[in-house]
$ cat entry_5.cif   # mmCIF, C-alpha atoms
data_upload
loop_
_atom_site.group_PDB
_atom_site.id
_atom_site.type_symbol
_atom_site.label_atom_id
_atom_site.label_comp_id
_atom_site.auth_asym_id
_atom_site.auth_seq_id
_atom_site.Cartn_x
_atom_site.Cartn_y
_atom_site.Cartn_z
ATOM 1 C CA MET A 477 58.071 71.235 -58.085
ATOM 2 C CA THR A 478 59.856 73.204 -55.507
ATOM 3 C CA GLY A 479 62.609 72.034 -53.294
ATOM 4 C CA LEU A 480 60.299 71.842 -50.289
ATOM 5 C CA GLU A 481 57.821 69.767 -52.231
ATOM 6 C CA LYS A 482 60.582 67.449 -53.357
ATOM 7 C CA ILE A 483 61.760 67.016 -49.772
ATOM 8 C CA LEU A 484 58.200 66.359 -48.575
ATOM 9 C CA GLU A 485 57.672 63.965 -51.462
ATOM 10 C CA GLN A 486 60.924 62.197 -50.577
ATOM 11 C CA ILE A 487 59.896 61.966 -46.873
ATOM 12 C CA LYS A 488 56.495 60.542 -47.889
ATOM 13 C CA LEU A 489 58.158 58.029 -50.189
ATOM 14 C CA GLU A 490 60.638 56.989 -47.503
ATOM 15 C CA ALA A 491 57.824 56.804 -44.922
ATOM 16 C CA LYS A 492 55.770 54.688 -47.334
ATOM 17 C CA GLU A 493 58.726 52.376 -47.943
ATOM 18 C CA GLU A 494 59.400 52.177 -44.199
ATOM 19 C CA SER A 495 55.717 51.452 -43.416
ATOM 20 C CA ASP A 496 55.627 48.833 -46.201
ATOM 21 C CA LYS A 497 58.694 47.180 -44.653
ATOM 22 C CA ILE A 498 57.117 47.284 -41.173
ATOM 23 C CA ILE A 499 53.834 45.893 -42.533
ATOM 24 C CA ALA A 500 55.682 43.187 -44.474
ATOM 25 C CA ALA A 501 57.721 42.275 -41.374
ATOM 26 C CA ALA A 502 54.538 42.249 -39.263
ATOM 27 C CA ASN A 503 52.798 40.071 -41.871
ATOM 28 C CA GLU A 504 55.775 37.697 -41.885
ATOM 29 C CA GLU A 505 55.791 37.587 -38.083
ATOM 30 C CA ALA A 506 51.999 37.049 -38.057
ATOM 31 C CA ALA A 507 52.406 34.234 -40.587
ATOM 32 C CA VAL A 508 55.077 32.603 -38.414
ATOM 33 C CA ILE A 509 52.897 33.006 -35.290
ATOM 34 C CA THR A 510 49.859 31.654 -37.171
ATOM 35 C CA SER A 511 51.905 28.716 -38.490
ATOM 36 C CA GLU A 512 53.241 27.950 -35.020
ATOM 37 C CA GLY A 513 49.718 28.305 -33.606
ATOM 38 C CA ASP A 514 48.383 25.945 -36.272
ATOM 39 C CA LYS A 515 51.132 23.435 -35.433
ATOM 40 C CA GLU A 516 50.453 23.778 -31.686
ATOM 41 C CA CYS A 517 46.690 23.451 -32.298
ATOM 42 C CA ALA A 518 47.264 20.359 -34.459
ATOM 43 C CA ALA A 519 49.479 18.861 -31.736
ATOM 44 C CA ILE A 520 46.828 19.574 -29.086
ATOM 45 C CA GLN A 521 44.138 18.112 -31.351
ATOM 46 C CA ALA A 522 46.278 15.005 -31.952
ATOM 47 C CA SER A 523 46.811 14.640 -28.193
ATOM 48 C CA ILE A 524 43.063 15.016 -27.572
ATOM 49 C CA ASP A 525 42.302 12.496 -30.339
ATOM 50 C CA ALA A 526 44.795 10.023 -28.841
ATOM 51 C CA LYS A 527 43.355 10.483 -25.332
ATOM 52 C CA TYR A 528 39.824 10.109 -26.727
ATOM 53 C CA ALA A 529 40.790 6.944 -28.605
ATOM 54 C CA SER A 530 42.438 5.568 -25.450
ATOM 55 C CA MET A 531 39.431 6.499 -23.285
ATOM 56 C CA LYS A 532 37.087 5.044 -25.897
ATOM 57 C CA GLU A 533 39.049 1.756 -25.896
ATOM 58 C CA VAL A 534 39.092 1.621 -22.086
ATOM 59 C CA ALA A 535 35.336 2.320 -21.998
ATOM 60 C CA LYS A 536 34.742 -0.387 -24.617
ATOM 61 C CA GLN A 537 36.830 -2.900 -22.663
ATOM 62 C CA ARG A 538 34.968 -2.030 -19.452
ATOM 63 C CA GLY A 539 31.655 -2.375 -21.265
ATOM 64 C CA ASP A 540 32.696 -5.721 -22.748
ATOM 65 C CA SER A 541 33.937 -6.905 -19.348
ATOM 66 C CA THR A 542 30.716 -5.812 -17.641
ATOM 67 C CA ALA A 543 28.635 -7.488 -20.329
ATOM 68 C CA ALA A 544 30.647 -10.707 -20.015
ATOM 69 C CA LEU A 545 30.310 -10.641 -16.218
ATOM 70 C CA THR A 546 26.571 -10.032 -16.483
ATOM 71 C CA GLU A 547 26.272 -12.887 -18.974
ATOM 72 C CA ARG A 548 28.181 -15.228 -16.627
ATOM 73 C CA LYS A 549 25.991 -14.174 -13.693
ATOM 74 C CA LEU A 550 22.813 -14.757 -15.686
ATOM 75 C CA LEU A 551 24.073 -18.125 -16.905
ATOM 76 C CA LEU A 552 25.053 -19.133 -13.369
ATOM 77 C CA LYS A 553 21.661 -18.000 -12.071
ATOM 78 C CA ALA A 554 19.874 -20.007 -14.782
ATOM 79 C CA LYS A 555 21.992 -23.079 -14.000
ATOM 80 C CA GLN A 556 21.285 -22.685 -10.278
ATOM 81 C CA GLU A 557 17.547 -22.385 -10.991
ATOM 82 C CA ILE A 558 17.713 -25.589 -13.035
ATOM 83 C CA ILE A 559 19.597 -27.356 -10.240
ATOM 84 C CA ASP A 560 17.136 -26.087 -7.621
ATOM 85 C CA ASP A 561 14.305 -27.290 -9.836
ATOM 86 C CA VAL A 562 15.951 -30.723 -10.063
ATOM 87 C CA PHE A 563 16.096 -30.863 -6.242
ATOM 88 C CA VAL A 564 12.448 -29.878 -5.909
ATOM 89 C CA LYS A 565 11.405 -32.441 -8.525
ATOM 90 C CA ALA A 566 13.546 -35.169 -6.939
ATOM 91 C CA GLN A 567 12.025 -34.521 -3.534
ATOM 92 C CA LYS A 568 8.513 -34.451 -5.026
ATOM 93 C CA HIS A 569 9.293 -37.705 -6.833
ATOM 94 C CA LEU A 570 10.321 -39.395 -3.579
ATOM 95 C CA ASN A 571 7.182 -38.169 -1.858
ATOM 96 C CA SER A 572 4.992 -39.327 -4.738
ATOM 97 C CA LEU A 573 6.321 -42.891 -4.901
ATOM 98 C CA ASP A 574 3.700 -45.555 -4.377
ATOM 99 C CA VAL A 575 3.520 -46.727 -0.781
ATOM 100 C CA ALA A 576 5.536 -49.932 -1.271
ATOM 101 C CA ASP A 577 8.372 -48.195 -3.143
ATOM 102 C CA TYR A 578 8.339 -45.271 -0.728
ATOM 103 C CA PHE A 579 8.734 -47.445 2.360
ATOM 104 C CA GLU A 580 11.311 -49.595 0.578
ATOM 105 C CA PHE A 581 13.333 -46.406 0.081
ATOM 106 C CA LEU A 582 12.834 -45.459 3.748
ATOM 107 C CA ALA A 583 14.028 -48.951 4.719
ATOM 108 C CA LYS A 584 17.279 -48.315 2.812
ATOM 109 C CA LEU A 585 17.699 -45.014 4.657
ATOM 110 C CA LEU A 586 16.980 -46.744 7.933
ATOM 111 C CA ASN A 587 19.615 -49.412 7.253
ATOM 112 C CA LYS A 588 22.129 -46.687 6.446
ATOM 113 C CA TYR A 589 21.512 -44.373 9.414
ATOM 114 C CA ALA A 590 20.190 -46.549 12.272
ATOM 115 C CA LEU A 591 22.479 -47.084 15.243
ATOM 116 C CA LYS A 592 22.806 -50.432 17.000
ATOM 117 C CA GLU A 593 20.876 -49.371 20.077
ATOM 118 C CA LYS A 594 17.316 -48.840 21.219
ATOM 119 C CA GLY A 595 15.527 -45.711 20.147
ATOM 120 C CA GLU A 596 12.498 -44.405 18.374
ATOM 121 C CA ILE A 597 11.634 -43.305 14.884
ATOM 122 C CA ILE A 598 9.579 -40.177 14.253
ATOM 123 C CA LEU A 599 7.535 -40.253 11.062
ATOM 124 C CA SER A 600 5.462 -37.589 9.355
ATOM 125 C CA ALA A 601 1.729 -37.679 10.076
ATOM 126 C CA LYS A 602 1.093 -38.897 6.516
ATOM 127 C CA ASP A 603 3.661 -41.714 6.787
ATOM 128 C CA LYS A 604 2.485 -42.780 10.225
ATOM 129 C CA LYS A 605 -1.010 -43.388 8.819
ATOM 130 C CA ARG A 606 0.187 -45.448 5.856
ATOM 131 C CA ILE A 607 3.141 -47.368 7.298
ATOM 132 C CA THR A 608 3.588 -50.844 5.798
ATOM 133 C CA ASP A 609 4.095 -54.088 7.701
ATOM 134 C CA ASP A 610 7.461 -54.586 5.970
ATOM 135 C CA PHE A 611 8.682 -51.219 7.217
ATOM 136 C CA LYS A 612 7.400 -51.978 10.729
ATOM 137 C CA ALA A 613 9.501 -55.166 10.609
ATOM 138 C CA GLU A 614 12.570 -53.095 9.589
ATOM 139 C CA ILE A 615 11.919 -50.724 12.486
ATOM 140 C CA GLU A 616 11.748 -53.604 14.962
ATOM 141 C CA LYS A 617 14.856 -55.206 13.457
ATOM 142 C CA HIS A 618 16.762 -52.025 14.408
ATOM 143 C CA GLN A 619 15.400 -52.026 17.980
ATOM 144 C CA LEU A 620 13.285 -48.955 17.280
ATOM 145 C CA LYS A 621 9.725 -48.025 18.203
ATOM 146 C CA VAL A 622 7.462 -45.647 16.316
ATOM 147 C CA ALA A 623 7.200 -42.416 18.307
ATOM 148 C CA LYS A 624 3.784 -41.134 19.395
ATOM 149 C CA GLU A 625 4.503 -37.647 18.068
ATOM 150 C CA THR A 626 4.852 -36.884 14.377
ATOM 151 C CA GLY A 627 7.454 -34.816 12.588
ATOM 152 C CA LYS A 628 6.792 -31.543 10.813
ATOM 153 C CA PHE A 629 8.307 -32.687 7.545
ATOM 154 C CA GLU A 630 6.840 -34.213 4.441
ATOM 155 C CA GLY A 631 9.000 -37.260 3.878
ATOM 156 C CA GLY A 632 11.679 -39.304 5.574
ATOM 157 C CA PHE A 633 12.038 -39.729 9.327
ATOM 158 C CA VAL A 634 13.993 -38.713 12.409
ATOM 159 C CA LEU A 635 15.815 -41.276 14.527
ATOM 160 C CA ASN A 636 15.838 -40.417 18.187
ATOM 161 C CA TYR A 637 18.199 -42.087 20.613
ATOM 162 C CA GLN A 638 18.753 -40.920 24.189
ATOM 163 C CA ASP A 639 21.211 -38.096 23.425
ATOM 164 C CA ILE A 640 21.434 -38.458 19.672
ATOM 165 C CA GLU A 641 19.029 -37.345 16.989
ATOM 166 C CA GLU A 642 19.604 -38.301 13.362
ATOM 167 C CA ASN A 643 17.462 -36.223 11.021
ATOM 168 C CA CYS A 644 16.738 -38.323 7.946
ATOM 169 C CA SER A 645 13.899 -36.185 6.646
ATOM 170 C CA PHE A 646 14.162 -35.550 2.939
ATOM 171 C CA ASP A 647 14.626 -31.831 3.618
ATOM 172 C CA ALA A 648 17.583 -32.529 5.921
ATOM 173 C CA ILE A 649 19.149 -35.110 3.612
ATOM 174 C CA PHE A 650 18.845 -32.900 0.552
ATOM 175 C CA SER A 651 20.186 -29.938 2.509
ATOM 176 C CA ALA A 652 23.160 -31.918 3.860
ATOM 177 C CA GLU A 653 23.997 -33.461 0.511
ATOM 178 C CA LYS A 654 23.186 -30.420 -1.627
ATOM 179 C CA GLU A 655 26.775 -29.444 -2.411
ATOM 180 C CA ASN A 656 27.804 -32.958 -3.463
ATOM 181 C CA LEU A 657 24.590 -33.438 -5.373
ATOM 182 C CA CYS A 658 24.944 -30.015 -7.033
ATOM 183 C CA ASP A 659 28.353 -31.012 -8.378
ATOM 184 C CA LYS A 660 26.941 -34.262 -9.775
ATOM 185 C CA ILE A 661 23.922 -32.502 -11.284
ATOM 186 C CA ARG A 662 26.141 -29.807 -12.857
ATOM 187 C CA GLU A 663 28.325 -32.533 -14.299
ATOM 188 C CA MET A 664 25.326 -34.391 -15.732
ATOM 189 C CA LEU A 665 23.533 -31.329 -17.079
ATOM 190 C CA PHE A 666 26.269 -28.952 -18.176
ATOM 191 C CA ASN A 667 29.267 -31.020 -19.278
#

$ encode --input "entry_5.cif" --output "structure tokens"
Amino acid sequence: MTGLEKILEQIKLEAKEESDKIIAAANEEAAVITSEGDKECAAIQASIDAKYASMKEVAKQRGDSTAALTERKLLLKAKQEIIDDVFVKAQKHLNSLDVADYFEFLAKLLNKYALKEKGEIILSAKDKKRITDDFKAEIEKHQLKVAKETGKFEGGFVLNYQDIEENCSFDAIFSAEKENLCDKIREMLFN
């Protein structure tokens, strides 16, 4: 080998060693960058997983809360339907009493709501046709006369004084007493 060949061979060898060092340094730097990237990716993934878990828990709590609210609403609606049904049945029961019991009940209402002055009592068309002698006596005892006109209600009566009208129809009584009666019915049915 000649001197020039030896020099060229030496340059090649040095270049090879230098390129191997550069490649090794680049590989080391790439490994560090990859490792840091993996760590950063893992941290991002952990953050995403934590946010997902938090969002999942919040969504579950909202779902549970909505379900519980819906359940309470449905239960309340069912209870209200039962209470409304009790009112309807109670009113039907009053209207279906036999004549003597019915007018005995009306007499109790009359004693409770009649004023101590002259007036008239308005009955439903059905009640006006079937009025009992005992109830007529109660009416007279309270200085009342049976009105010529009839009321547009199924049961009960309306007391009419000069400037005062006392609606004692079953619809009016049930409507006026509904809140108090609802509380008592709830207590009886649901406690």

$ axis_aligned_box --input "entry_5.cif" --around "stretch 524-538 of chain A" --padding-each-side "4 Å" --output "lines of an AutoDock Vina configuration file"
center_x = 39.8
center_y = 6.1
center_z = -24.9
size_x = 18.1
size_y = 25.9
size_z = 18.9

$ atom_distance --input "entry_5.cif" --atom1 "atom CA of A:Glu625" --atom2 "atom CA of A:Tyr637"
14.6 Å

$ atom_distance --input "entry_5.cif" --atom1 "atom CA of A:Ala500" --atom2 "atom CA of A:Gln486"
20.6 Å

$ closest_residue --input "entry_5.cif" --among "A:Ala506, A:Ala623, A:Ala519, A:Ile487" --to "A:Ser600" --atoms "all atoms listed in the file"
A:Ala623

$ closest_residue --input "entry_5.cif" --among "A:Asn587, A:Ser511, A:Thr546, A:Asn571" --to "A:Leu620" --atoms "all atoms listed in the file"
A:Asn587

$ residues_around --input "entry_5.cif" --residues "A:Gln619" --least-positions-apart "3" --cutoff "7 Å" --atoms "all atoms listed in the file" --output "short mmCIF file (atom, residue, chain, number, x, y, z; two decimals) with C-alpha atoms, keeping the file's coordinate frame"
data_model
loop_
_atom_site.label_atom_id
_atom_site.label_comp_id
_atom_site.auth_asym_id
_atom_site.auth_seq_id
_atom_site.Cartn_x
_atom_site.Cartn_y
_atom_site.Cartn_z
CA GLU A 593 20.88 -49.37 20.08
CA LYS A 594 17.32 -48.84 21.22
CA GLY A 595 15.53 -45.71 20.15
CA ILE A 615 11.92 -50.72 12.49
CA GLU A 616 11.75 -53.60 14.96
#

$ closest_residue --input "entry_5.cif" --among "A:Leu635, A:Ala529, A:Ala507, A:Met664" --to "A:Lys592" --atoms "all atoms listed in the file"
A:Leu635

$ atom_distance --input "entry_5.cif" --atom1 "atom CA of A:Phe650" --atom2 "atom CA of A:Gly632"
10.8 Å

$ residues_around --input "entry_5.cif" --residues "A:Ile649" --least-positions-apart "3" --cutoff "12 Å" --atoms "all atoms listed in the file" --output "PDB file with C-alpha atoms, in the coordinates of the input"
ATOM      1  CA  PHE A 563      16.096 -30.863  -6.242  1.00  0.00           C
ATOM      2  CA  ALA A 566      13.546 -35.169  -6.939  1.00  0.00           C
ATOM      3  CA  GLN A 567      12.025 -34.521  -3.534  1.00  0.00           C
ATOM      4  CA  LEU A 585      17.699 -45.014   4.657  1.00  0.00           C
ATOM      5  CA  TYR A 589      21.512 -44.373   9.414  1.00  0.00           C
ATOM      6  CA  PHE A 629       8.307 -32.687   7.545  1.00  0.00           C
ATOM      7  CA  GLY A 631       9.000 -37.260   3.878  1.00  0.00           C
ATOM      8  CA  GLY A 632      11.679 -39.304   5.574  1.00  0.00           C
ATOM      9  CA  PHE A 633      12.038 -39.729   9.327  1.00  0.00           C
ATOM     10  CA  VAL A 634      13.993 -38.713  12.409  1.00  0.00           C
ATOM     11  CA  GLU A 642      19.604 -38.301  13.362  1.00  0.00           C
ATOM     12  CA  ASN A 643      17.462 -36.223  11.021  1.00  0.00           C
ATOM     13  CA  CYS A 644      16.738 -38.323   7.946  1.00  0.00           C
ATOM     14  CA  SER A 645      13.899 -36.185   6.646  1.00  0.00           C
ATOM     15  CA  PHE A 646      14.162 -35.550   2.939  1.00  0.00           C
ATOM     16  CA  ALA A 652      23.160 -31.918   3.860  1.00  0.00           C
ATOM     17  CA  GLU A 653      23.997 -33.461   0.511  1.00  0.00           C
ATOM     18  CA  LYS A 654      23.186 -30.420  -1.627  1.00  0.00           C
ATOM     19  CA  GLU A 655      26.775 -29.444  -2.411  1.00  0.00           C
ATOM     20  CA  ASN A 656      27.804 -32.958  -3.463  1.00  0.00           C
ATOM     21  CA  LEU A 657      24.590 -33.438  -5.373  1.00  0.00           C
TER      22      LEU A 657
END

$ build_atoms --input "entry_5.cif" --residues "stretch 527-538 of chain A" --atoms "all heavy atoms" --output "short mmCIF file (atom, residue, chain, number, x, y, z; two decimals), in the coordinates of the input"
data_model
loop_
_atom_site.label_atom_id
_atom_site.label_comp_id
_atom_site.auth_asym_id
_atom_site.auth_seq_id
_atom_site.Cartn_x
_atom_site.Cartn_y
_atom_site.Cartn_z
N LYS A 527 43.98 10.71 -26.63
CA LYS A 527 43.36 10.48 -25.33
C LYS A 527 41.93 9.96 -25.52
O LYS A 527 41.50 9.06 -24.81
CB LYS A 527 43.34 11.77 -24.50
CG LYS A 527 44.69 12.10 -23.90
CD LYS A 527 44.63 13.36 -23.08
CE LYS A 527 46.00 13.75 -22.57
NZ LYS A 527 45.98 15.02 -21.83
N TYR A 528 41.20 10.54 -26.46
CA TYR A 528 39.82 10.11 -26.73
C TYR A 528 39.81 8.65 -27.19
O TYR A 528 39.01 7.85 -26.71
CB TYR A 528 39.16 11.01 -27.77
CG TYR A 528 37.82 10.48 -28.23
CD1 TYR A 528 36.70 10.58 -27.42
CD2 TYR A 528 37.69 9.86 -29.47
CE1 TYR A 528 35.48 10.08 -27.84
CE2 TYR A 528 36.47 9.35 -29.89
CZ TYR A 528 35.37 9.47 -29.08
OH TYR A 528 34.17 8.98 -29.49
N ALA A 529 40.73 8.32 -28.10
CA ALA A 529 40.79 6.94 -28.60
C ALA A 529 41.12 5.99 -27.46
O ALA A 529 40.53 4.91 -27.34
CB ALA A 529 41.83 6.83 -29.72
N SER A 530 42.07 6.39 -26.59
CA SER A 530 42.44 5.57 -25.45
C SER A 530 41.26 5.42 -24.48
O SER A 530 40.96 4.33 -24.02
CB SER A 530 43.63 6.19 -24.73
OG SER A 530 43.92 5.49 -23.55
N MET A 531 40.59 6.54 -24.18
CA MET A 531 39.43 6.50 -23.28
C MET A 531 38.30 5.67 -23.90
O MET A 531 37.63 4.92 -23.20
CB MET A 531 38.95 7.92 -22.98
CG MET A 531 39.90 8.70 -22.09
SD MET A 531 39.49 10.45 -21.94
CE MET A 531 37.89 10.38 -21.18
N LYS A 532 38.12 5.80 -25.20
CA LYS A 532 37.09 5.04 -25.90
C LYS A 532 37.39 3.55 -25.80
O LYS A 532 36.48 2.74 -25.53
CB LYS A 532 37.04 5.50 -27.36
CG LYS A 532 35.99 4.82 -28.20
CD LYS A 532 36.02 5.36 -29.62
CE LYS A 532 35.15 4.56 -30.54
NZ LYS A 532 35.24 4.99 -31.93
N GLU A 533 38.66 3.17 -25.98
CA GLU A 533 39.05 1.76 -25.90
C GLU A 533 38.87 1.22 -24.48
O GLU A 533 38.36 0.12 -24.28
CB GLU A 533 40.50 1.57 -26.36
CG GLU A 533 40.97 0.13 -26.38
CD GLU A 533 40.15 -0.77 -27.30
OE1 GLU A 533 39.61 -0.30 -28.32
OE2 GLU A 533 40.03 -1.96 -26.96
N VAL A 534 39.26 2.03 -23.48
CA VAL A 534 39.09 1.62 -22.09
C VAL A 534 37.60 1.45 -21.78
O VAL A 534 37.19 0.47 -21.15
CB VAL A 534 39.74 2.65 -21.12
CG1 VAL A 534 39.31 2.42 -19.68
CG2 VAL A 534 41.26 2.59 -21.23
N ALA A 535 36.78 2.41 -22.23
CA ALA A 535 35.34 2.32 -22.00
C ALA A 535 34.75 1.09 -22.69
O ALA A 535 33.91 0.40 -22.13
CB ALA A 535 34.64 3.59 -22.49
N LYS A 536 35.22 0.79 -23.89
CA LYS A 536 34.74 -0.39 -24.62
C LYS A 536 35.13 -1.66 -23.87
O LYS A 536 34.32 -2.58 -23.71
CB LYS A 536 35.31 -0.41 -26.04
CG LYS A 536 34.79 -1.58 -26.88
CD LYS A 536 35.46 -1.61 -28.24
CE LYS A 536 35.01 -2.73 -29.11
NZ LYS A 536 34.93 -4.04 -28.50
N GLN A 537 36.38 -1.72 -23.41
CA GLN A 537 36.83 -2.90 -22.66
C GLN A 537 36.03 -3.07 -21.38
O GLN A 537 35.64 -4.19 -21.03
CB GLN A 537 38.33 -2.79 -22.35
CG GLN A 537 39.22 -2.98 -23.56
CD GLN A 537 40.68 -2.72 -23.27
OE1 GLN A 537 41.04 -2.26 -22.19
NE2 GLN A 537 41.54 -3.00 -24.23
N ARG A 538 35.78 -1.96 -20.68
CA ARG A 538 34.97 -2.03 -19.45
C ARG A 538 33.56 -2.51 -19.78
O ARG A 538 33.00 -3.33 -19.05
CB ARG A 538 34.91 -0.67 -18.76
CG ARG A 538 36.17 -0.34 -18.01
CD ARG A 538 36.02 0.95 -17.24
NE ARG A 538 37.26 1.32 -16.60
CZ ARG A 538 37.57 2.54 -16.24
NH1 ARG A 538 36.74 3.53 -16.47
NH2 ARG A 538 38.71 2.79 -15.66
#
